[in-house]
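A.B. asks: Got a structure here, written out as structure tokens. Questions coming.
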Amino acid sequence: MTRLSETDLYAPVKAHLEAAGYAVKGEVGPADVMGVAGDEVVLVELKVGFSLTLLQQAVARQKITDAVYVAVPRWRGRAGWKAFKGNVDLCRRLGLGVLSVRLEDGIVEVHADPKPYSPRKSAPRRARLLGEFARRAGDPNRGGTRGKVVTAYRQDAERMAVHLAAEGPCKGAAVAKATGVAKATEMMRINHYGWFERVAPGVYGLTEAGRAAIATDGLAAMGDAPEA
């Protein structure tokens, strides 16, 4: 199988720019491809795949013109598309355009044009993060941890479990008042960790799993909470 080269991308990219009205030349100064139409200058960096080097080179070209594209071969398969899409999002943040080249027939597709990026903020996601931050007691997790994380949801469940271990079965409202967990009844009903059981209408106690959990060090090995 012939090894792919950046030069394989040149002819399709040149044809694409010429069709858009640019006069095109390769290897002009630091640029792989340069197109000129009147006062407009467009630069394209060619690579056989996305890399940090490609992005660094493209960002450096923005000192010459705002119209900078990166061009790479078209992705293959679902995993290739997922990785490609993530790289397109990154290029948008950097103000770079993205071209893909289908080498079989030379088709060039534009996935992003160069322009300043203004990301849309997600108010619900921000609210969830702020809520988790405010509800979480202390700082129980080391940043960068991979695996189980102690969340505010888990801390609430721990407080309820400790209360039931000391007081025995209680009404949900009583648990909520004693622990400060407003959704105590709902959490015990959902029973994400398997710690609680309903022993009478509106009354909950601890399961064997719950008793075993509060006997462990810090109650920190039972998993994470479901997303709200």
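If you're wondering about the labels, chains in the structure tokens are A, B, ... by order shown, residues count from 1 in each chain, ligands from 1 in order shown.
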Taking 4 positions as the minimum chain separation for residues in the same chain, which residues sit within 9 Å of A:Val101 when counting only C-alpha atoms? Answer as a list of chain:residue names.

C.D. replies: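 Answer for this query is A:Leu9, A:Pro12, A:Val13, A:Ala71, A:Val72, A:Pro73, A:Arg74, A:Trp75, A:Asp105, A:Gly106, A:Ile107, A:Val108, A:Glu109.
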
A.B. asks: Which parts of chain A does DSSP call helix (DSSP H, G or I) when run on the backbone here, written out as a PyMOL selection string?

C.D. replies: chain A and resi 7-19+52-61+77-93+123-135+152-167+172-179+184-190+208-214

A.B. asks: Using only C-alpha atoms, determine which residues lie at most 12 Å from A:Gln56, disregarding the query and same-chain residues fewer than 4 positions distant; provide the list as a list of chain:residue names.

C.D. replies: A:Glu45, A:Phe50, A:Ser51, A:Leu52, A:Ala60, A:Arg61, A:Gln62, A:Lys63, A:Val68, A:Val70, A:Cys91, A:Leu94, A:Leu96

A.B. asks: What would the file look like if the residues just selected were written as a short mmCIF file (atom, residue, chain, number, x, y, z; two decimals), in the first residue's frame with C-alpha atoms?

C.D. replies:
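Saved file part_0.cif follows:
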```
data_model
loop_
_atom_site.label_atom_id
_atom_site.label_comp_id
_atom_site.auth_asym_id
_atom_site.auth_seq_id
_atom_site.Cartn_x
_atom_site.Cartn_y
_atom_site.Cartn_z
CA GLU A 45 -1.70 23.74 5.95
CA PHE A 50 -4.47 16.00 12.86
CA SER A 51 -1.61 16.71 15.24
CA LEU A 52 -0.44 19.36 17.67
CA ALA A 60 1.29 30.71 13.37
CA ARG A 61 -0.11 31.41 9.89
CA GLN A 62 -2.81 33.59 11.49
CA LYS A 63 -0.10 36.23 11.92
CA VAL A 68 -6.24 29.90 7.53
CA VAL A 70 -6.06 22.93 7.75
CA CYS A 91 -10.17 24.21 15.19
CA LEU A 94 -8.80 28.45 17.38
CA LEU A 96 -9.23 27.90 11.93
#
```

A.B. asks: Which residues are near A:Asn87? Cut-off 10 Å, only C-alpha atoms, ignore same chain within fewer than 3 positions. Put them as a list in words.

C.D. replies: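 The residues satisfying every condition are Phe50, Ser51, Leu55, Trp81, Lys82, Ala83, Phe84, Leu90, Cys91, Arg92, Arg93 and Val98 of chain A.
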
A.B. asks: For stretch 25-31 of chain A, find every residue with an atom within 7 Å (counting only C-alpha atoms), except residues of its own chain fewer than 3 positions away, and show them as a count of residues only.

C.D. replies: 5

A.B. asks: Do you have the atom CA of A:Phe196-atom CA of A:Arg211 distance handy?

C.D. replies: 9.5 Å

A.B. asks: Could you give me, as a ChimeraX atom specification, the residues within 10 Å of A:Val199, counting only C-alpha atoms and dropping anything in the same chain fewer than 3 positions from it?

C.D. replies: /A:169-171,196,202-206

A.B. asks: Please produce a file of those selected residues containing C-alpha atoms, as a tab-separated table (two decimals), in the first residue's frame.

C.D. replies:
```
chain	number	residue	atom	x	y	z
A	169	PRO	CA	-35.97	3.51	61.04
A	170	CYS	CA	-37.35	7.03	60.57
A	171	LYS	CA	-39.83	8.92	58.46
A	196	PHE	CA	-32.04	1.95	52.35
A	202	GLY	CA	-42.96	6.76	54.54
A	203	VAL	CA	-40.54	5.07	56.96
A	204	TYR	CA	-37.07	3.91	55.95
A	205	GLY	CA	-34.30	1.94	57.59
A	206	LEU	CA	-30.86	0.63	56.66
```

A.B. asks: Can you list, as a ChimeraX atom specification, every protein, DNA or RNA residue that comes within 9 Å of A:His163 when you count only C-alpha atoms, leaving out same-chain residues fewer than 6 positions away?

C.D. replies: /A:175,178-179
